[in-house]
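Peer 1: You'll find protein21.pdb just under this line, and it carries PDB, C-alpha atoms and all ligand atoms.
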```pdb
ATOM      1  CA  MET A   1      75.858  33.435  90.833  1.00  0.00           C
ATOM      2  CA  SER A   2      72.809  31.211  90.611  1.00  0.00           C
ATOM      3  CA  GLN A   3      72.895  27.560  89.644  1.00  0.00           C
ATOM      4  CA  SER A   4      70.094  27.867  87.125  1.00  0.00           C
ATOM      5  CA  GLY A   5      72.347  27.023  84.193  1.00  0.00           C
ATOM      6  CA  GLN A   6      74.145  24.163  85.887  1.00  0.00           C
ATOM      7  CA  PHE A   7      71.844  21.415  84.687  1.00  0.00           C
ATOM      8  CA  ARG A   8      70.768  22.866  81.342  1.00  0.00           C
ATOM      9  CA  ASN A   9      69.993  20.295  78.678  1.00  0.00           C
ATOM     10  CA  ARG A  10      70.152  17.345  81.025  1.00  0.00           C
ATOM     11  CA  LEU A  11      67.888  14.622  79.656  1.00  0.00           C
ATOM     12  CA  ILE A  12      65.010  13.691  81.967  1.00  0.00           C
ATOM     13  CA  LEU A  13      62.977  10.578  81.155  1.00  0.00           C
ATOM     14  CA  VAL A  14      59.431  10.908  82.469  1.00  0.00           C
ATOM     15  CA  ILE A  15      57.503   7.625  82.738  1.00  0.00           C
ATOM     16  CA  GLU A  16      53.877   8.616  83.244  1.00  0.00           C
ATOM     17  CA  ASP A  17      50.767   7.160  81.643  1.00  0.00           C
ATOM     18  CA  GLU A  18      48.375  10.070  82.168  1.00  0.00           C
ATOM     19  CA  PRO A  19      48.763  12.339  79.100  1.00  0.00           C
ATOM     20  CA  ARG A  20      47.786  15.542  80.917  1.00  0.00           C
ATOM     21  CA  MET A  21      50.208  14.882  83.748  1.00  0.00           C
ATOM     22  CA  LEU A  22      52.970  14.009  81.293  1.00  0.00           C
ATOM     23  CA  ASP A  23      52.346  17.261  79.367  1.00  0.00           C
ATOM     24  CA  LEU A  24      52.373  19.262  82.568  1.00  0.00           C
ATOM     25  CA  VAL A  25      55.635  17.750  83.744  1.00  0.00           C
ATOM     26  CA  ARG A  26      57.157  18.206  80.298  1.00  0.00           C
ATOM     27  CA  ILE A  27      56.231  21.905  80.157  1.00  0.00           C
ATOM     28  CA  THR A  28      57.530  22.458  83.686  1.00  0.00           C
ATOM     29  CA  LEU A  29      60.843  20.733  83.078  1.00  0.00           C
ATOM     30  CA  GLU A  30      61.427  22.229  79.635  1.00  0.00           C
ATOM     31  CA  GLY A  31      60.725  25.636  81.163  1.00  0.00           C
ATOM     32  CA  ALA A  32      63.525  24.930  83.634  1.00  0.00           C
ATOM     33  CA  GLY A  33      65.974  24.144  80.837  1.00  0.00           C
ATOM     34  CA  PHE A  34      65.806  20.345  80.822  1.00  0.00           C
ATOM     35  CA  VAL A  35      65.295  18.163  77.781  1.00  0.00           C
ATOM     36  CA  VAL A  36      62.364  15.800  78.311  1.00  0.00           C
ATOM     37  CA  SER A  37      61.670  12.375  76.904  1.00  0.00           C
ATOM     38  CA  GLY A  38      58.263  10.933  77.730  1.00  0.00           C
ATOM     39  CA  ALA A  39      57.131   7.317  78.024  1.00  0.00           C
ATOM     40  CA  MET A  40      53.518   6.296  78.655  1.00  0.00           C
ATOM     41  CA  SER A  41      54.083   2.778  79.912  1.00  0.00           C
ATOM     42  CA  GLY A  42      56.658   0.865  81.904  1.00  0.00           C
ATOM     43  CA  GLN A  43      57.809  -1.099  78.867  1.00  0.00           C
ATOM     44  CA  GLU A  44      58.224   2.017  76.757  1.00  0.00           C
ATOM     45  CA  GLY A  45      60.101   3.641  79.621  1.00  0.00           C
ATOM     46  CA  LEU A  46      62.543   0.752  79.979  1.00  0.00           C
ATOM     47  CA  GLY A  47      63.120   0.767  76.212  1.00  0.00           C
ATOM     48  CA  LYS A  48      63.898   4.481  76.223  1.00  0.00           C
ATOM     49  CA  LEU A  49      66.098   4.051  79.264  1.00  0.00           C
ATOM     50  CA  ARG A  50      68.347   1.705  77.301  1.00  0.00           C
ATOM     51  CA  ASP A  51      68.246   3.713  74.066  1.00  0.00           C
ATOM     52  CA  GLU A  52      68.553   7.246  75.381  1.00  0.00           C
ATOM     53  CA  ILE A  53      70.479   6.894  78.661  1.00  0.00           C
ATOM     54  CA  PRO A  54      68.817   9.777  80.515  1.00  0.00           C
ATOM     55  CA  ASP A  55      70.461  11.760  83.320  1.00  0.00           C
ATOM     56  CA  LEU A  56      67.477  11.212  85.610  1.00  0.00           C
ATOM     57  CA  VAL A  57      64.156   9.343  85.596  1.00  0.00           C
ATOM     58  CA  VAL A  58      60.856  10.650  86.954  1.00  0.00           C
ATOM     59  CA  LEU A  59      58.787   7.535  87.511  1.00  0.00           C
ATOM     60  CA  ASP A  60      55.061   7.330  88.209  1.00  0.00           C
ATOM     61  CA  LEU A  61      54.496   4.281  90.403  1.00  0.00           C
ATOM     62  CA  ASN A  62      51.008   3.724  89.049  1.00  0.00           C
ATOM     63  CA  LEU A  63      51.436   2.417  85.513  1.00  0.00           C
ATOM     64  CA  PRO A  64      49.051   0.416  83.313  1.00  0.00           C
ATOM     65  CA  ASP A  65      51.308  -2.432  82.202  1.00  0.00           C
ATOM     66  CA  ILE A  66      53.925  -3.227  84.825  1.00  0.00           C
ATOM     67  CA  SER A  67      54.093  -1.795  88.320  1.00  0.00           C
ATOM     68  CA  GLY A  68      56.370   1.161  88.969  1.00  0.00           C
ATOM     69  CA  PHE A  69      58.239  -0.956  91.511  1.00  0.00           C
ATOM     70  CA  GLU A  70      58.983  -3.530  88.808  1.00  0.00           C
ATOM     71  CA  VAL A  71      60.249  -0.726  86.566  1.00  0.00           C
ATOM     72  CA  LEU A  72      62.368   0.620  89.409  1.00  0.00           C
ATOM     73  CA  ARG A  73      63.858  -2.817  90.079  1.00  0.00           C
ATOM     74  CA  GLU A  74      64.624  -3.186  86.380  1.00  0.00           C
ATOM     75  CA  ILE A  75      66.231   0.255  86.219  1.00  0.00           C
ATOM     76  CA  ARG A  76      68.431  -0.581  89.194  1.00  0.00           C
ATOM     77  CA  ASN A  77      69.527  -3.796  87.478  1.00  0.00           C
ATOM     78  CA  THR A  78      70.362  -1.956  84.267  1.00  0.00           C
ATOM     79  CA  VAL A  79      71.993   1.439  84.807  1.00  0.00           C
ATOM     80  CA  GLN A  80      73.131   3.870  87.470  1.00  0.00           C
ATOM     81  CA  VAL A  81      70.598   6.648  87.023  1.00  0.00           C
ATOM     82  CA  PRO A  82      68.882   8.696  89.706  1.00  0.00           C
ATOM     83  CA  VAL A  83      65.131   8.095  90.062  1.00  0.00           C
ATOM     84  CA  ILE A  84      62.425  10.286  91.573  1.00  0.00           C
ATOM     85  CA  MET A  85      59.151   8.445  92.196  1.00  0.00           C
ATOM     86  CA  LEU A  86      55.736  10.028  91.844  1.00  0.00           C
ATOM     87  CA  THR A  87      53.214   8.504  94.199  1.00  0.00           C
ATOM     88  CA  VAL A  88      49.467   9.043  94.260  1.00  0.00           C
ATOM     89  CA  GLN A  89      48.508   7.287  97.430  1.00  0.00           C
ATOM     90  CA  ALA A  90      49.773   8.746 100.648  1.00  0.00           C
ATOM     91  CA  SER A  91      51.018   5.288 101.518  1.00  0.00           C
ATOM     92  CA  ASP A  92      54.192   5.312 103.577  1.00  0.00           C
ATOM     93  CA  ASP A  93      54.706   1.644 102.728  1.00  0.00           C
ATOM     94  CA  ASP A  94      54.966   2.465  99.026  1.00  0.00           C
ATOM     95  CA  ARG A  95      57.493   5.192  99.660  1.00  0.00           C
ATOM     96  CA  ILE A  96      59.598   3.069 101.985  1.00  0.00           C
ATOM     97  CA  PHE A  97      59.527   0.192  99.517  1.00  0.00           C
ATOM     98  CA  GLY A  98      60.522   2.499  96.668  1.00  0.00           C
ATOM     99  CA  LEU A  99      63.344   4.117  98.621  1.00  0.00           C
ATOM    100  CA  GLU A 100      64.619   0.699  99.591  1.00  0.00           C
ATOM    101  CA  LEU A 101      64.504  -0.436  95.975  1.00  0.00           C
ATOM    102  CA  GLY A 102      66.863   2.440  95.294  1.00  0.00           C
ATOM    103  CA  ALA A 103      64.740   5.460  94.396  1.00  0.00           C
ATOM    104  CA  ASP A 104      66.522   8.682  95.268  1.00  0.00           C
ATOM    105  CA  ASP A 105      63.504  10.695  96.330  1.00  0.00           C
ATOM    106  CA  TYR A 106      59.752  10.841  95.943  1.00  0.00           C
ATOM    107  CA  LEU A 107      57.021  13.388  95.410  1.00  0.00           C
ATOM    108  CA  GLY A 108      53.367  12.846  96.290  1.00  0.00           C
ATOM    109  CA  LYS A 109      50.777  13.908  93.724  1.00  0.00           C
ATOM    110  CA  PRO A 110      49.601  16.578  93.381  1.00  0.00           C
ATOM    111  CA  PHE A 111      52.946  18.327  93.621  1.00  0.00           C
ATOM    112  CA  ASN A 112      54.170  21.847  93.247  1.00  0.00           C
ATOM    113  CA  HIS A 113      56.060  22.388  89.971  1.00  0.00           C
ATOM    114  CA  ARG A 114      58.845  24.358  91.535  1.00  0.00           C
ATOM    115  CA  GLU A 115      59.225  21.588  94.083  1.00  0.00           C
ATOM    116  CA  LEU A 116      59.675  19.022  91.295  1.00  0.00           C
ATOM    117  CA  VAL A 117      62.346  21.161  89.636  1.00  0.00           C
ATOM    118  CA  SER A 118      64.206  21.756  92.887  1.00  0.00           C
ATOM    119  CA  ARG A 119      64.076  18.038  93.804  1.00  0.00           C
ATOM    120  CA  ILE A 120      65.444  17.114  90.373  1.00  0.00           C
ATOM    121  CA  LYS A 121      68.295  19.598  90.738  1.00  0.00           C
ATOM    122  CA  ALA A 122      69.108  18.348  94.238  1.00  0.00           C
ATOM    123  CA  VAL A 123      69.145  14.710  93.104  1.00  0.00           C
ATOM    124  CA  LEU A 124      71.294  15.533  90.051  1.00  0.00           C
ATOM    125  CA  ARG A 125      73.700  17.461  92.236  1.00  0.00           C
ATOM    126  CA  ARG A 126      74.083  14.487  94.573  1.00  0.00           C
ATOM    127  CA  ALA A 127      74.450  12.065  91.697  1.00  0.00           C
ATOM    128  CA  GLU A 128      77.221  14.168  90.174  1.00  0.00           C
ATOM    129  CA  MET A 129      78.945  14.688  93.480  1.00  0.00           C
ATOM    130  CA  PRO A 130      82.497  13.393  93.854  1.00  0.00           C
ATOM    131  CA  ALA A 131      83.217  10.207  95.804  1.00  0.00           C
ATOM    132  CA  PRO A 132      81.992  10.019  99.400  1.00  0.00           C
ATOM    133  CA  VAL A 133      83.904  11.870 102.056  1.00  0.00           C
ATOM    134  CA  THR A 134      86.168   9.588 104.046  1.00  0.00           C
ATOM    135  CA  ARG A 135      88.868  11.790 105.510  1.00  0.00           C
ATOM    136  CA  GLY A 136      89.598  15.267 106.760  1.00  0.00           C
ATOM    137  CA  ALA A 137      87.136  17.835 107.977  1.00  0.00           C
ATOM    138  CA  VAL A 138      83.627  18.257 106.640  1.00  0.00           C
ATOM    139  CA  LYS A 139      82.080  21.645 107.084  1.00  0.00           C
ATOM    140  CA  VAL A 140      78.302  21.507 107.404  1.00  0.00           C
ATOM    141  CA  ASP A 141      77.819  25.184 108.244  1.00  0.00           C
ATOM    142  CA  ASP A 142      79.380  27.894 110.398  1.00  0.00           C
ATOM    143  CA  ASN A 143      78.157  26.174 113.539  1.00  0.00           C
ATOM    144  CA  LEU A 144      79.017  22.558 112.756  1.00  0.00           C
ATOM    145  CA  SER A 145      81.873  20.657 111.204  1.00  0.00           C
ATOM    146  CA  VAL A 146      83.032  17.078 111.624  1.00  0.00           C
ATOM    147  CA  ASP A 147      86.607  15.861 111.847  1.00  0.00           C
ATOM    148  CA  LEU A 148      86.504  12.429 110.220  1.00  0.00           C
ATOM    149  CA  ASP A 149      90.046  11.539 111.273  1.00  0.00           C
ATOM    150  CA  LYS A 150      89.543  12.355 114.938  1.00  0.00           C
ATOM    151  CA  ARG A 151      85.927  11.215 114.762  1.00  0.00           C
ATOM    152  CA  GLU A 152      84.670  14.247 116.576  1.00  0.00           C
ATOM    153  CA  ALA A 153      82.269  17.073 115.877  1.00  0.00           C
ATOM    154  CA  ILE A 154      83.165  20.713 116.257  1.00  0.00           C
ATOM    155  CA  VAL A 155      80.095  22.534 117.469  1.00  0.00           C
ATOM    156  CA  ALA A 156      80.305  26.317 117.742  1.00  0.00           C
ATOM    157  CA  GLY A 157      84.078  26.042 117.939  1.00  0.00           C
ATOM    158  CA  THR A 158      84.166  23.346 120.619  1.00  0.00           C
ATOM    159  CA  ALA A 159      85.226  19.748 120.007  1.00  0.00           C
ATOM    160  CA  VAL A 160      82.472  17.320 120.944  1.00  0.00           C
ATOM    161  CA  HIS A 161      83.300  13.659 121.459  1.00  0.00           C
ATOM    162  CA  LEU A 162      81.219  11.163 119.481  1.00  0.00           C
ATOM    163  CA  ARG A 163      80.783   7.560 120.530  1.00  0.00           C
ATOM    164  CA  PRO A 164      81.516   4.995 117.802  1.00  0.00           C
ATOM    165  CA  THR A 165      77.850   4.341 116.985  1.00  0.00           C
ATOM    166  CA  GLU A 166      77.051   8.040 116.963  1.00  0.00           C
ATOM    167  CA  PHE A 167      79.920   8.627 114.566  1.00  0.00           C
ATOM    168  CA  LYS A 168      78.829   5.802 112.250  1.00  0.00           C
ATOM    169  CA  LEU A 169      75.338   7.204 112.140  1.00  0.00           C
ATOM    170  CA  LEU A 170      76.554  10.739 111.464  1.00  0.00           C
ATOM    171  CA  TYR A 171      78.866   9.399 108.768  1.00  0.00           C
ATOM    172  CA  GLN A 172      75.868   7.954 106.892  1.00  0.00           C
ATOM    173  CA  PHE A 173      74.186  11.351 107.040  1.00  0.00           C
ATOM    174  CA  LEU A 174      77.265  13.270 105.899  1.00  0.00           C
ATOM    175  CA  ASN A 175      77.517  11.073 102.831  1.00  0.00           C
ATOM    176  CA  ASN A 176      73.844  11.478 101.961  1.00  0.00           C
ATOM    177  CA  PRO A 177      73.121  15.185 102.327  1.00  0.00           C
ATOM    178  CA  GLY A 178      69.542  16.130 101.547  1.00  0.00           C
ATOM    179  CA  ARG A 179      68.583  12.552 100.904  1.00  0.00           C
ATOM    180  CA  ILE A 180      66.008  10.508 102.812  1.00  0.00           C
ATOM    181  CA  LEU A 181      67.552   7.528 104.561  1.00  0.00           C
ATOM    182  CA  THR A 182      64.914   5.040 105.675  1.00  0.00           C
ATOM    183  CA  HIS A 183      64.907   3.598 109.177  1.00  0.00           C
ATOM    184  CA  GLU A 184      65.815   0.248 107.720  1.00  0.00           C
ATOM    185  CA  GLN A 185      68.721   1.599 105.665  1.00  0.00           C
ATOM    186  CA  LEU A 186      70.199   3.363 108.684  1.00  0.00           C
ATOM    187  CA  LEU A 187      69.706   0.397 110.985  1.00  0.00           C
ATOM    188  CA  SER A 188      71.239  -2.130 108.640  1.00  0.00           C
ATOM    189  CA  ARG A 189      74.178   0.100 107.676  1.00  0.00           C
ATOM    190  CA  VAL A 190      75.058   1.237 111.196  1.00  0.00           C
ATOM    191  CA  TRP A 191      73.955  -1.638 113.423  1.00  0.00           C
ATOM    192  CA  GLY A 192      73.745  -4.550 110.979  1.00  0.00           C
ATOM    193  CA  ALA A 193      70.976  -6.324 109.081  1.00  0.00           C
ATOM    194  CA  GLU A 194      69.663  -8.114 112.157  1.00  0.00           C
ATOM    195  CA  TYR A 195      68.686  -4.748 113.661  1.00  0.00           C
ATOM    196  CA  ARG A 196      66.680  -3.593 110.671  1.00  0.00           C
ATOM    197  CA  ASP A 197      63.373  -3.425 112.598  1.00  0.00           C
ATOM    198  CA  ASP A 198      64.741  -1.861 115.754  1.00  0.00           C
ATOM    199  CA  THR A 199      63.499   1.703 115.218  1.00  0.00           C
ATOM    200  CA  GLN A 200      63.640   2.246 118.993  1.00  0.00           C
ATOM    201  CA  ILE A 201      67.431   2.145 119.109  1.00  0.00           C
ATOM    202  CA  LEU A 202      67.654   4.365 116.036  1.00  0.00           C
ATOM    203  CA  ARG A 203      65.416   6.991 117.641  1.00  0.00           C
ATOM    204  CA  LEU A 204      67.579   6.869 120.766  1.00  0.00           C
ATOM    205  CA  TYR A 205      70.781   7.545 118.830  1.00  0.00           C
ATOM    206  CA  ILE A 206      69.161  10.253 116.714  1.00  0.00           C
ATOM    207  CA  ASN A 207      68.335  11.961 120.011  1.00  0.00           C
ATOM    208  CA  TYR A 208      71.921  11.589 121.235  1.00  0.00           C
ATOM    209  CA  LEU A 209      73.236  13.137 118.033  1.00  0.00           C
ATOM    210  CA  ARG A 210      70.739  15.968 118.124  1.00  0.00           C
ATOM    211  CA  LYS A 211      71.645  16.801 121.713  1.00  0.00           C
ATOM    212  CA  LYS A 212      75.300  16.987 120.732  1.00  0.00           C
ATOM    213  CA  LEU A 213      74.968  18.783 117.392  1.00  0.00           C
ATOM    214  CA  GLU A 214      71.776  20.760 117.169  1.00  0.00           C
ATOM    215  CA  PRO A 215      71.526  24.324 118.500  1.00  0.00           C
ATOM    216  CA  ASN A 216      67.932  23.431 119.375  1.00  0.00           C
ATOM    217  CA  PRO A 217      67.427  19.635 119.635  1.00  0.00           C
ATOM    218  CA  GLU A 218      63.642  20.115 119.910  1.00  0.00           C
ATOM    219  CA  GLY A 219      63.552  21.879 116.550  1.00  0.00           C
ATOM    220  CA  PRO A 220      66.375  20.150 114.686  1.00  0.00           C
ATOM    221  CA  LYS A 221      67.841  21.701 111.557  1.00  0.00           C
ATOM    222  CA  TYR A 222      70.515  19.140 110.673  1.00  0.00           C
ATOM    223  CA  ILE A 223      68.683  15.837 111.112  1.00  0.00           C
ATOM    224  CA  THR A 224      65.000  16.181 110.282  1.00  0.00           C
ATOM    225  CA  ASN A 225      62.245  13.576 110.516  1.00  0.00           C
ATOM    226  CA  GLU A 226      60.577  12.165 107.448  1.00  0.00           C
ATOM    227  CA  ARG A 227      57.513  10.940 109.251  1.00  0.00           C
ATOM    228  CA  GLY A 228      57.033   7.184 108.999  1.00  0.00           C
ATOM    229  CA  LEU A 229      59.977   6.902 106.546  1.00  0.00           C
ATOM    230  CA  GLY A 230      63.260   7.861 108.129  1.00  0.00           C
ATOM    231  CA  TYR A 231      65.498  10.894 108.425  1.00  0.00           C
ATOM    232  CA  ARG A 232      66.988  13.495 106.120  1.00  0.00           C
ATOM    233  CA  PHE A 233      70.256  15.328 106.748  1.00  0.00           C
ATOM    234  CA  ILE A 234      70.591  18.969 105.739  1.00  0.00           C
ATOM    235  CA  ASP A 235      71.753  19.387 102.121  1.00  0.00           C
ATOM    236  CA  TYR A 236      74.973  21.110 103.151  1.00  0.00           C
ATOM    237  CA  LYS A 237      76.541  20.614  99.738  1.00  0.00           C
ATOM    238  CA  ALA A 238      73.799  22.561  98.000  1.00  0.00           C
ATOM    239  CA  GLY A 239      75.685  25.786  98.616  1.00  0.00           C
ATOM    240  CA  GLY A 240      74.141  29.144  99.375  1.00  0.00           C
TER     241      GLY A 240
HETATM  242 CA    CA A 301      49.638   6.737  86.537  1.00  0.00          CA
END
```
What's the structure tokens form of this structure?

Peer 2:
Amino acid sequence: MSQSGQFRNRLILVIEDEPRMLDLVRITLEGAGFVVSGAMSGQEGLGKLRDEIPDLVVLDLNLPDISGFEVLREIRNTVQVPVIMLTVQASDDDRIFGLELGADDYLGKPFNHRELVSRIKAVLRRAEMPAPVTRGAVKVDDNLSVDLDKREAIVAGTAVHLRPTEFKLLYQFLNNPGRILTHEQLLSRVWGAEYRDDTQILRLYINYLRKKLEPNPEGPKYITNERGLGYRFIDYKAGG
């Protein structure tokens, strides 16, 4: 059974000032069963956000009136709605800044239409997910599960001890499947705010975890790099 009907008629607000791009996104999303509301400026977008209460916002960062970051900040102060940023420049700084302001994902222009649809579905799925896992066993796949009570991983049927910091790091990943976590987010959540620039220690612990969990630590499948941004854990809740 496919999930194609799962998000039918969800309302997607697209804030994009270029008419051709807005049309393109609208056609793509409507073709995938979404309902689309378009806004061609930041102000119009924020107005529609309050009036229409969309299920998800696709936000172009490059807007004529107010910056996309300003819009994002305003959205985060107003409602709990998932946001996917569209970025033109290949600037890692922009993406990091956006993710830290609370965007859920980003796509660089030009993007593949199917990619946009699959990102939207993944973000909606996470947003509609039940409360974070805190107890019991979490099954990632046939090879890996994590016992949250014992704080150990079970890798290919064998219990693997995790040190406290390794467990805290893994816990962040388990609660954010498929989502990019920036270096700074991971450092401040696991080590504390004063460590937020210490990417060295983060890399070290990512390596520890990979050696313990990954079938092939050199070609990781659970914890993948988002170059210059952070790490993404496998979307194990997406289902097969
Ligand atoms: Ca634009």

Peer 1: Pick out the closest residue to Val81 in chain A from this set: A:Leu202, A:Leu144, A:Ile120, A:Ile53. Count all atoms listed in the file.

Peer 2: A:Ile53

Peer 1: Please write the residues picked by the PyMOL selection byres (((not hetatm)) within 7 of (chain A and resi 301)) on this file as a ChimeraX atom specification.

Peer 2: /A:16-18,60-63

Peer 1: Can you list what the PyMOL selection byres (((chain A and resi 185) around 12) and not hetatm) grabs from this structure, as number ranges by chain?

Peer 2: A: 96-97, 99-102, 169, 172-173, 176, 179-184, 186-199, 202, 229-231

Peer 1: Pull C-alpha atoms from the residues just selected and write them as a compact mmCIF listing (two decimals), in the coordinates of the input.

Peer 2:
```
# COMPACT_ATOMS: atom_id res chain seq x y z
CA ILE A 96 59.60 3.07 101.98
CA PHE A 97 59.53 0.19 99.52
CA LEU A 99 63.34 4.12 98.62
CA GLU A 100 64.62 0.70 99.59
CA LEU A 101 64.50 -0.44 95.98
CA GLY A 102 66.86 2.44 95.29
CA LEU A 169 75.34 7.20 112.14
CA GLN A 172 75.87 7.95 106.89
CA PHE A 173 74.19 11.35 107.04
CA ASN A 176 73.84 11.48 101.96
CA ARG A 179 68.58 12.55 100.90
CA ILE A 180 66.01 10.51 102.81
CA LEU A 181 67.55 7.53 104.56
CA THR A 182 64.91 5.04 105.68
CA HIS A 183 64.91 3.60 109.18
CA GLU A 184 65.82 0.25 107.72
CA LEU A 186 70.20 3.36 108.68
CA LEU A 187 69.71 0.40 110.98
CA SER A 188 71.24 -2.13 108.64
CA ARG A 189 74.18 0.10 107.68
CA VAL A 190 75.06 1.24 111.20
CA TRP A 191 73.96 -1.64 113.42
CA GLY A 192 73.74 -4.55 110.98
CA ALA A 193 70.98 -6.32 109.08
CA GLU A 194 69.66 -8.11 112.16
CA TYR A 195 68.69 -4.75 113.66
CA ARG A 196 66.68 -3.59 110.67
CA ASP A 197 63.37 -3.42 112.60
CA ASP A 198 64.74 -1.86 115.75
CA THR A 199 63.50 1.70 115.22
CA LEU A 202 67.65 4.36 116.04
CA LEU A 229 59.98 6.90 106.55
CA GLY A 230 63.26 7.86 108.13
CA TYR A 231 65.50 10.89 108.42
```

Peer 1: Find the residues near Ser145 in chain A: any atom within 10 Å, counting only C-alpha atoms, skip ones fewer than 4 places away on the same chain, and give them as a PyMOL selection string.

Peer 2: chain A and resi 137-141+152-157+159+213

Peer 1: With C-alpha atoms retained, export the selected residues as a short mmCIF file (atom, residue, chain, number, x, y, z; two decimals), in the coordinates of the input.

Peer 2:
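Below is the file that was written, out31.cif:
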```cif
data_model
loop_
_atom_site.label_atom_id
_atom_site.label_comp_id
_atom_site.auth_asym_id
_atom_site.auth_seq_id
_atom_site.Cartn_x
_atom_site.Cartn_y
_atom_site.Cartn_z
CA ALA A 137 87.14 17.84 107.98
CA VAL A 138 83.63 18.26 106.64
CA LYS A 139 82.08 21.64 107.08
CA VAL A 140 78.30 21.51 107.40
CA ASP A 141 77.82 25.18 108.24
CA GLU A 152 84.67 14.25 116.58
CA ALA A 153 82.27 17.07 115.88
CA ILE A 154 83.16 20.71 116.26
CA VAL A 155 80.10 22.53 117.47
CA ALA A 156 80.31 26.32 117.74
CA GLY A 157 84.08 26.04 117.94
CA ALA A 159 85.23 19.75 120.01
CA LEU A 213 74.97 18.78 117.39
#
```

Peer 1: Might you pull out every residue within 8 Å of Glu166 in chain A, with all atoms listed in the file counted and same-chain residues fewer than 6 positions away left off, and present them as a PyMOL selection string?

Peer 2: chain A and resi 205+208-209

Peer 1: Just the residues within 6 Å of Phe233 in chain A, please, counting only C-alpha atoms, with nothing from its chain fewer than 6 positions along; format it as a PDB file with C-alpha atoms, keeping the file's coordinate frame.

Peer 2:
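selection-v7.pdb was written with the following content:
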```
ATOM      1  CA  PHE A 173      74.186  11.351 107.040  1.00  0.00           C
ATOM      2  CA  PRO A 177      73.121  15.185 102.327  1.00  0.00           C
ATOM      3  CA  GLY A 178      69.542  16.130 101.547  1.00  0.00           C
ATOM      4  CA  TYR A 222      70.515  19.140 110.673  1.00  0.00           C
ATOM      5  CA  ILE A 223      68.683  15.837 111.112  1.00  0.00           C
TER       6      ILE A 223
END
```

Peer 1: Decode the PyMOL selection byres (((chain A and resi 57) around 7) and not hetatm) for the given file into explicit residues and return them as an mmCIF file with C-alpha atoms, keeping the file's coordinate frame.

Peer 2:
```cif
data_model
loop_
_atom_site.group_PDB
_atom_site.id
_atom_site.type_symbol
_atom_site.label_atom_id
_atom_site.label_comp_id
_atom_site.auth_asym_id
_atom_site.auth_seq_id
_atom_site.Cartn_x
_atom_site.Cartn_y
_atom_site.Cartn_z
ATOM 1 C CA ILE A 12 65.010 13.691 81.967
ATOM 2 C CA LEU A 13 62.977 10.578 81.155
ATOM 3 C CA VAL A 14 59.431 10.908 82.469
ATOM 4 C CA PRO A 54 68.817 9.777 80.515
ATOM 5 C CA LEU A 56 67.477 11.212 85.610
ATOM 6 C CA VAL A 58 60.856 10.650 86.954
ATOM 7 C CA LEU A 59 58.787 7.535 87.511
ATOM 8 C CA PRO A 82 68.882 8.696 89.706
ATOM 9 C CA VAL A 83 65.131 8.095 90.062
ATOM 10 C CA ILE A 84 62.425 10.286 91.573
#
```

Peer 1: Any idea what's packed within 12 Å of Val36 in chain A, counting all atoms listed in the file, ignoring anything in its chain fewer than 4 positions away? Could you give it as a VMD selection string?

Peer 2: chain A and resid 8 to 15 22 to 32 48 52 54 to 58
